[in-house]
>>> print(open('start.txt').read())   # compact mmCIF, C-alpha atoms
# COMPACT_ATOMS: atom_id res chain seq x y z
CA MET A 1 5.05 21.31 -4.25
CA ARG A 2 8.16 20.77 -2.12
CA THR A 3 7.01 23.40 0.40
CA ARG A 4 3.59 21.82 0.55
CA GLY A 5 5.12 18.41 1.15
CA MET A 6 7.28 19.76 3.99
CA ARG A 7 4.26 21.40 5.59
CA THR A 8 2.31 18.15 5.38
CA ALA A 9 5.17 16.17 6.91
CA THR A 10 5.55 18.73 9.72
CA PHE A 11 1.82 18.66 10.45
CA ARG A 12 1.79 14.86 10.54
CA SER A 13 4.74 14.85 12.95
CA LEU A 14 3.01 17.35 15.24
CA VAL A 15 -0.19 15.31 15.26
CA LEU A 16 1.80 12.18 16.14
CA VAL A 17 3.65 13.96 18.97
CA VAL A 18 0.39 15.31 20.41
CA LEU A 19 -1.29 11.91 20.27
CA VAL A 20 1.65 10.13 21.92
CA ALA A 21 1.83 12.82 24.63
CA ALA A 22 -1.90 12.44 25.29
CA TRP A 23 -1.48 8.66 25.42
CA GLU A 24 1.40 9.01 27.89
CA ALA A 25 -0.55 11.40 30.12
CA ALA A 26 -3.72 9.30 30.06
CA THR A 27 -2.00 6.01 30.91
CA ARG A 28 0.06 7.54 33.71
CA ALA A 29 -3.04 9.18 35.18
CA ALA A 30 -4.99 5.91 34.98
CA GLY A 31 -2.20 3.81 36.50
CA ASN A 32 -3.67 0.65 34.99
CA THR A 33 -1.27 -2.30 34.71
CA PHE A 34 -2.96 -3.45 31.51
CA PHE A 35 -2.23 -0.14 29.77
CA PRO A 36 1.45 0.78 30.23
CA PRO A 37 2.57 4.24 29.05
CA PRO A 38 4.31 4.60 25.66
CA SER A 39 7.65 5.38 27.34
CA THR A 40 7.59 1.97 29.06
CA ILE A 41 6.60 0.25 25.83
CA VAL A 42 9.41 1.90 23.85
CA VAL A 43 12.00 0.94 26.48
CA ARG A 44 10.78 -2.67 26.37
CA MET A 45 10.85 -2.71 22.56
CA HIS A 46 14.40 -1.37 22.54
CA ALA A 47 15.61 -3.91 25.06
CA THR A 48 13.92 -6.82 23.28
CA TRP A 49 14.54 -6.06 19.60
CA PHE A 50 16.80 -3.06 18.97
CA SER A 51 19.67 -3.19 21.45
CA GLY A 52 21.91 -5.47 19.42
CA PRO A 53 25.43 -4.77 18.08
CA PRO A 54 25.97 -2.25 15.26
CA ASP A 55 27.18 -4.93 12.84
CA ARG A 56 23.68 -6.48 13.01
CA LEU A 57 21.96 -3.10 12.53
CA PHE A 58 21.25 -3.06 16.30
CA LEU A 59 18.93 -6.05 15.97
CA THR A 60 18.93 -8.47 18.90
CA GLY A 61 18.72 -12.22 18.70
CA ALA A 62 15.00 -12.01 19.46
CA ALA A 63 14.50 -9.67 16.50
CA LEU A 64 16.40 -11.96 14.13
CA GLU A 65 14.45 -14.98 15.39
CA ASN A 66 11.00 -13.39 15.23
CA ILE A 67 10.75 -10.20 13.14
CA LEU A 68 12.73 -11.42 10.14
CA PRO A 69 10.87 -14.75 9.83
CA SER A 70 7.56 -12.88 10.01
CA LEU A 71 8.63 -10.50 7.26
CA GLY A 72 9.81 -13.46 5.20
CA ARG A 73 6.46 -15.23 5.53
CA MET A 74 4.62 -12.02 4.75
CA ALA A 75 6.74 -11.40 1.65
CA ALA A 76 6.27 -14.96 0.40
CA GLY A 77 2.52 -14.87 0.94
CA PHE A 78 2.21 -11.42 -0.65
CA VAL A 79 4.23 -12.38 -3.73
CA GLY A 80 2.41 -15.69 -4.16
CA GLY A 81 -1.04 -14.18 -3.73
CA SER A 82 -0.25 -11.17 -5.92
CA LEU A 83 1.15 -13.20 -8.81
CA THR A 84 -1.76 -15.63 -8.64
CA GLY A 85 -4.24 -12.75 -8.50
CA VAL A 86 -2.69 -10.91 -11.45
CA VAL A 87 -2.56 -14.01 -13.67
CA LEU A 88 -6.09 -15.16 -12.84
CA GLY A 89 -7.43 -11.60 -12.94
CA LEU A 90 -6.10 -11.03 -16.45
CA ALA A 91 -7.42 -14.41 -17.59
CA VAL A 92 -10.90 -13.65 -16.21
CA GLY A 93 -10.94 -10.00 -17.25
CA LEU A 94 -9.91 -10.65 -20.86
CA SER A 95 -12.74 -13.12 -21.40
CA ALA A 96 -16.22 -11.64 -21.18
CA ARG A 97 -17.75 -15.11 -21.01
CA ALA A 98 -15.43 -16.25 -18.22
CA TYR A 99 -16.14 -13.05 -16.29
CA ASP A 100 -19.90 -13.51 -16.58
CA TYR A 101 -19.68 -17.15 -15.48
CA LEU A 102 -17.21 -16.70 -12.62
CA ASP A 103 -18.03 -13.27 -11.19
CA GLY A 104 -20.66 -14.61 -8.79
CA VAL A 105 -18.39 -17.42 -7.58
CA LEU A 106 -15.47 -15.04 -7.08
CA GLN A 107 -17.60 -12.55 -5.16
CA PHE A 108 -18.89 -15.39 -2.97
CA LEU A 109 -15.38 -16.65 -2.17
CA ARG A 110 -14.12 -13.12 -1.55
CA ALA A 111 -16.86 -12.49 1.00
CA ILE A 112 -15.86 -15.47 3.17
CA PRO A 113 -13.62 -14.29 6.06
CA PRO A 114 -10.35 -16.26 5.69
CA PRO A 115 -10.08 -17.08 9.44
CA LEU A 116 -13.27 -19.12 9.14
CA LEU A 117 -11.50 -21.45 6.72
CA ILE A 118 -8.44 -22.02 8.88
CA THR A 119 -9.70 -25.47 9.94
CA ILE A 120 -9.77 -26.56 6.28
CA PHE A 121 -6.19 -25.37 5.75
CA LEU A 122 -5.08 -27.22 8.90
CA VAL A 123 -6.69 -30.45 7.69
CA VAL A 124 -5.20 -30.16 4.20
CA PHE A 125 -1.71 -28.83 5.01
CA GLY A 126 -1.26 -29.54 8.72
CA PHE A 127 0.54 -27.20 11.10
CA GLY A 128 3.59 -25.31 9.96
CA LEU A 129 4.97 -23.08 7.23
CA LYS A 130 3.12 -24.76 4.34
CA MET A 131 -0.25 -24.08 5.93
CA GLN A 132 0.71 -20.49 6.76
CA LEU A 133 1.78 -19.71 3.20
CA ALA A 134 -1.31 -21.35 1.70
CA PHE A 135 -3.57 -19.46 4.10
CA MET A 136 -1.89 -16.12 3.36
CA THR A 137 -1.96 -16.70 -0.40
CA PHE A 138 -5.66 -17.53 -0.35
CA SER A 139 -6.43 -14.49 1.80
CA ILE A 140 -4.42 -12.06 -0.33
CA VAL A 141 -5.41 -13.22 -3.81
CA TRP A 142 -8.94 -11.79 -3.90
CA PRO A 143 -8.38 -8.02 -3.93
CA VAL A 144 -5.65 -8.42 -6.54
CA LEU A 145 -7.68 -10.80 -8.70
CA LEU A 146 -10.88 -8.74 -8.70
CA ASN A 147 -9.16 -5.40 -9.21
CA THR A 148 -7.00 -6.79 -12.02
CA ALA A 149 -10.03 -8.33 -13.74
CA ASP A 150 -11.92 -5.04 -13.46
CA GLY A 151 -8.92 -3.15 -14.82
CA ALA A 152 -8.56 -5.50 -17.77
CA ARG A 153 -12.25 -5.06 -18.60
CA SER A 154 -12.08 -1.25 -18.40
CA VAL A 155 -9.65 -0.77 -21.31
CA GLU A 156 -10.87 1.94 -23.67
CA PRO A 157 -12.43 0.31 -26.77
CA LEU A 158 -10.70 2.93 -28.93
CA HIS A 159 -7.32 1.76 -27.66
CA LEU A 160 -8.14 -1.84 -28.57
CA GLN A 161 -9.38 -0.81 -31.99
CA THR A 162 -6.19 1.17 -32.57
CA SER A 163 -4.05 -1.81 -31.60
CA GLN A 164 -5.99 -3.98 -34.02
CA ALA A 165 -5.55 -1.38 -36.76
CA PHE A 166 -1.79 -1.50 -36.21
CA ARG A 167 -2.01 -5.31 -36.30
CA LEU A 168 -0.42 -5.84 -32.94
CA SER A 169 -0.17 -9.43 -31.83
CA ARG A 170 -2.09 -10.68 -28.83
CA ALA A 171 1.02 -10.56 -26.65
CA GLU A 172 1.81 -7.03 -27.80
CA ARG A 173 -1.74 -5.88 -27.09
CA LEU A 174 -1.47 -7.35 -23.62
CA ARG A 175 1.89 -5.68 -22.95
CA ARG A 176 1.33 -2.32 -24.64
CA VAL A 177 -2.40 -1.67 -24.16
CA ILE A 178 -4.14 -3.90 -21.62
CA LEU A 179 -1.52 -4.01 -18.85
CA PRO A 180 -0.91 -0.22 -18.78
CA SER A 181 -4.67 0.39 -18.66
CA ALA A 182 -5.15 -2.16 -15.87
CA LEU A 183 -2.18 -1.03 -13.77
CA PRO A 184 -3.98 1.68 -11.71
CA LYS A 185 -6.67 -0.72 -10.49
CA MET A 186 -4.10 -3.49 -10.17
CA PHE A 187 -2.02 -1.34 -7.83
CA ALA A 188 -5.14 -0.51 -5.82
CA GLY A 189 -5.65 -4.24 -5.28
CA LEU A 190 -1.97 -4.76 -4.44
CA ARG A 191 -2.10 -2.01 -1.83
CA LEU A 192 -5.09 -3.69 -0.16
CA ALA A 193 -3.30 -7.02 -0.35
CA LEU A 194 -0.20 -5.56 1.32
CA SER A 195 -2.11 -4.40 4.39
CA LEU A 196 -4.06 -7.65 4.46
CA SER A 197 -0.87 -9.71 4.27
CA LEU A 198 0.37 -8.18 7.53
CA ILE A 199 -2.90 -9.06 9.27
CA VAL A 200 -3.11 -12.67 8.08
CA MET A 201 0.60 -13.18 8.75
CA VAL A 202 0.10 -12.32 12.42
CA PHE A 203 -3.07 -14.43 12.62
CA SER A 204 -1.28 -17.46 11.16
CA GLU A 205 1.47 -17.09 13.78
CA LEU A 206 -1.06 -17.13 16.61
CA LEU A 207 -1.99 -20.71 15.76
CA PRO A 208 -0.46 -23.79 17.43
CA GLY A 209 2.58 -25.24 15.70
CA THR A 210 4.36 -21.90 15.31
CA ASP A 211 7.66 -21.47 17.16
CA ASN A 212 8.71 -17.98 16.05
CA GLY A 213 7.40 -14.75 14.58
CA ILE A 214 5.81 -11.55 15.86
CA GLY A 215 2.46 -13.25 16.42
CA PHE A 216 4.15 -16.06 18.34
CA GLN A 217 5.98 -13.53 20.52
CA LEU A 218 2.71 -11.67 21.15
CA THR A 219 1.13 -14.90 22.39
CA SER A 220 4.13 -15.69 24.59
CA ALA A 221 4.12 -12.18 26.07
CA TYR A 222 0.42 -12.45 26.87
CA GLN A 223 0.83 -15.85 28.50
CA MET A 224 3.73 -14.56 30.63
CA PHE A 225 1.79 -11.39 31.47
CA ASP A 226 4.55 -9.29 29.89
CA LEU A 227 2.18 -6.48 28.92
CA PRO A 228 4.83 -3.94 27.82
CA LEU A 229 6.19 -6.49 25.34
CA MET A 230 2.67 -7.36 24.16
CA TRP A 231 1.91 -3.70 23.51
CA GLY A 232 5.35 -3.35 21.95
CA GLY A 233 4.42 -6.04 19.43
CA ILE A 234 1.23 -4.18 18.58
CA VAL A 235 3.15 -0.92 18.12
CA LEU A 236 5.77 -2.73 16.01
CA LEU A 237 3.05 -4.07 13.71
CA GLY A 238 1.64 -0.57 13.31
CA VAL A 239 5.07 0.82 12.45
CA LEU A 240 5.75 -1.99 9.97
CA GLY A 241 2.37 -1.41 8.31
CA TYR A 242 3.05 2.32 7.98
CA VAL A 243 6.58 1.86 6.60
CA LEU A 244 5.54 -0.81 4.10
CA ASN A 245 2.62 1.32 2.91
CA GLU A 246 4.89 4.34 2.38
CA LEU A 247 7.42 2.24 0.45
CA PHE A 248 4.61 0.84 -1.69
CA LEU A 249 3.36 4.36 -2.44
CA VAL A 250 6.86 5.36 -3.59
CA VAL A 251 6.92 2.41 -6.01
CA GLU A 252 3.37 3.15 -7.16
CA ARG A 253 4.14 6.80 -7.86
CA ARG A 254 7.15 5.82 -9.95
CA VAL A 255 5.39 3.09 -11.92
CA LEU A 256 2.20 5.15 -12.44
CA ALA A 257 3.89 8.51 -13.00
CA TRP A 258 2.40 8.67 -16.50
CA HIS A 259 -1.09 7.97 -15.11
CA HIS A 260 -0.86 10.75 -12.51
CA ALA A 261 0.42 13.14 -15.19
CA VAL A 262 -2.57 12.34 -17.39
CA GLN A 263 -4.94 12.90 -14.44
CA GLN A 264 -3.42 16.31 -13.79
CA LEU A 265 -3.73 17.30 -17.44
CA THR A 266 -7.34 16.18 -17.66
CA GLY A 267 -8.22 17.62 -14.24
CA GLU A 268 -9.48 14.30 -12.84
>>> encode(input="start.txt", output="structure tokens")
Amino acid sequence: MRTRGMRTATFRSLVLVVLVAAWEAATRAAGNTFFPPPSTIVVRMHATWFSGPPDRLFLTGAALENILPSLGRMAAGFVGGSLTGVVLGLAVGLSARAYDYLDGVLQFLRAIPPPLLITIFLVVFGFGLKMQLAFMTFSIVWPVLLNTADGARSVEPLHLQTSQAFRLSRAERLRRVILPSALPKMFAGLRLALSLSLIVMVFSELLPGTDNGIGFQLTSAYQMFDLPLMWGGIVLLGVLGYVLNELFLVVERRVLAWHHAVQQLTGE
């Protein structure tokens, strides 16, 4: 397994190197101002965000003023939307009547693209952090809510019957039977919510009333025709998305180690 993992990592690295080299060659051959080569983008990213002193982990003032606030907003929106989705998902999933009544409404609300509702959030909350957090929470809650509700409804009836035979209390059934059974689908919803939180965080920072953040810096770079910095922001978002996804997978593998072991034993 370790050898296979090393081979996979090596192959991924080679693919990345080949793609970046092809990107570099294509942009240099084109000579288009709107598409700077990766080498120029990396130099601009280093100068703007990662050329600070060692005691600040090489982060510049621009990084502290823009990247960290963006990550803070993203974390707050992700936590708020995830907790709301888990609580409401369990409440809906544990009640067959509530699920039957609300499933259509939830599917309708989930299908509405959140950016279309931004005007409503601006009217209710105004410009600023409160609107951004409310918008991110609303956008993130749906995959967590629906996946949690589906997971709570998919508990094996035999497991519930066994818990009743052992006279477990309602809280014990929730903690020992329902939550473990719902965790795989819950984590699937959380993973979707994590990637979505990065997208809606940037979108919320593109709106008027924002004075910092990665999205704000992207807008400023575009307005000043600083194309290397604009592309650097796009690359930074891609790197952040990849790193956050890998960290989430590490947590998921640890929490769901028992689930993966069962899948291997059953051959699923």
>>> atom_distance(input="start.txt", atom1="CA of Val17 (chain A)", atom2="CA of Pro38 (chain A)")
11.5 Å
>>> closest_atom_pairs(input="start.txt", of="region 98-193 of chain A", to="region 236-253 of chain A", cutoff="10 Å", atoms="all atoms listed in the file", output="tab-separated table")
residue	atom	partner	partner_atom	distance
A:Leu183	CA	A:Glu252	CA	9.6
A:Pro184	CA	A:Glu252	CA	8.8
A:Phe187	CA	A:Glu252	CA	7.0
A:Ala188	CA	A:Glu252	CA	9.4
A:Leu190	CA	A:Phe248	CA	9.1
A:Arg191	CA	A:Phe248	CA	7.3
A:Leu192	CA	A:Asn245	CA	9.7
>>> closest_residue(input="start.txt", among="A:Leu145, A:Ile214, A:Ala76, A:Val123", to="Val202 (chain A)", atoms="all atoms listed in the file")
A:Ile214
>>> atom_distance(input="start.txt", atom1="CA of Leu90 (chain A)", atom2="CA of Pro113 (chain A)")
24.0 Å
>>> residues_around(input="start.txt", residues="Val42 (chain A)", least_positions_apart="5", cutoff="9 Å", atoms="all atoms listed in the file", output="JSON, numbers by chain")
{"A": [37, 47, 228, 232, 235]}
>>> residues_around(input="start.txt", residues="Ala63 (chain A)", least_positions_apart="6", cutoff="12 Å", atoms="only C-alpha atoms", output="MDAnalysis selection string")
chainID A and resid 45:52 56:57 69:71 212:214 217 233 236
>>> write_last_selection(input="start.txt", atoms="C-alpha atoms", output="PDB file, in the coordinates of the input")
ATOM      1  CA  MET A  45      10.850  -2.710  22.560  1.00  0.00           C
ATOM      2  CA  HIS A  46      14.400  -1.370  22.540  1.00  0.00           C
ATOM      3  CA  ALA A  47      15.610  -3.910  25.060  1.00  0.00           C
ATOM      4  CA  THR A  48      13.920  -6.820  23.280  1.00  0.00           C
ATOM      5  CA  TRP A  49      14.540  -6.060  19.600  1.00  0.00           C
ATOM      6  CA  PHE A  50      16.800  -3.060  18.970  1.00  0.00           C
ATOM      7  CA  SER A  51      19.670  -3.190  21.450  1.00  0.00           C
ATOM      8  CA  GLY A  52      21.910  -5.470  19.420  1.00  0.00           C
ATOM      9  CA  ARG A  56      23.680  -6.480  13.010  1.00  0.00           C
ATOM     10  CA  LEU A  57      21.960  -3.100  12.530  1.00  0.00           C
ATOM     11  CA  PRO A  69      10.870 -14.750   9.830  1.00  0.00           C
ATOM     12  CA  SER A  70       7.560 -12.880  10.010  1.00  0.00           C
ATOM     13  CA  LEU A  71       8.630 -10.500   7.260  1.00  0.00           C
ATOM     14  CA  ASN A 212       8.710 -17.980  16.050  1.00  0.00           C
ATOM     15  CA  GLY A 213       7.400 -14.750  14.580  1.00  0.00           C
ATOM     16  CA  ILE A 214       5.810 -11.550  15.860  1.00  0.00           C
ATOM     17  CA  GLN A 217       5.980 -13.530  20.520  1.00  0.00           C
ATOM     18  CA  GLY A 233       4.420  -6.040  19.430  1.00  0.00           C
ATOM     19  CA  LEU A 236       5.770  -2.730  16.010  1.00  0.00           C
TER      20      LEU A 236
END
>>> closest_residue(input="start.txt", among="A:Thr84, A:Thr60, A:Asn147, A:Ser197", to="Gln132 (chain A)", atoms="only C-alpha atoms")
A:Ser197
>>> closest_residue(input="start.txt", among="A:Gly72, A:Pro115, A:Gly89, A:Pro180", to="Ser139 (chain A)", atoms="all atoms listed in the file")
A:Pro115
>>> residues_around(input="start.txt", residues="Lys130 (chain A)", least_positions_apart="2", cutoff="12 Å", atoms="all atoms listed in the file", output="CSV table (one decimal) with C-alpha atoms, in the coordinates of the input")
chain,number,residue,atom,x,y,z
A,73,ARG,CA,6.5,-15.2,5.5
A,76,ALA,CA,6.3,-15.0,0.4
A,77,GLY,CA,2.5,-14.9,0.9
A,121,PHE,CA,-6.2,-25.4,5.8
A,122,LEU,CA,-5.1,-27.2,8.9
A,123,VAL,CA,-6.7,-30.4,7.7
A,124,VAL,CA,-5.2,-30.2,4.2
A,125,PHE,CA,-1.7,-28.8,5.0
A,126,GLY,CA,-1.3,-29.5,8.7
A,127,PHE,CA,0.5,-27.2,11.1
A,128,GLY,CA,3.6,-25.3,10.0
A,132,GLN,CA,0.7,-20.5,6.8
A,133,LEU,CA,1.8,-19.7,3.2
A,134,ALA,CA,-1.3,-21.4,1.7
A,135,PHE,CA,-3.6,-19.5,4.1
A,136,MET,CA,-1.9,-16.1,3.4
A,137,THR,CA,-2.0,-16.7,-0.4
A,204,SER,CA,-1.3,-17.5,11.2
A,209,GLY,CA,2.6,-25.2,15.7
A,210,THR,CA,4.4,-21.9,15.3
>>> atom_distance(input="start.txt", atom1="CA of Met186 (chain A)", atom2="CA of Thr148 (chain A)")
4.8 Å
>>> residues_around(input="start.txt", residues="Val20 (chain A)", least_positions_apart="4", cutoff="12 Å", atoms="only C-alpha atoms", output="ChimeraX atom specification")
/A:13-16,24-27,37-39,41-42,235
>>> closest_residue(input="start.txt", among="A:Leu146, A:Ile118, A:Val86, A:Leu68", to="Leu106 (chain A)", atoms="only C-alpha atoms")
A:Leu146
>>> closest_residue(input="start.txt", among="A:Leu64, A:Leu102, A:Ala193, A:Leu207", to="Met131 (chain A)", atoms="only C-alpha atoms")
A:Leu207
>>> closest_residue(input="start.txt", among="A:Ser82, A:Asn32, A:Thr10, A:Ser154", to="Leu194 (chain A)", atoms="all atoms listed in the file")
A:Ser82
>>> axis_aligned_box(input="start.txt", around="region 175-189 of chain A", padding_each_side="3 Å", output="AutoDock Vina command-line options")
--center_x -2.4 --center_y -2.0 --center_z -15.0 --size_x 14.6 --size_y 13.4 --size_z 25.4
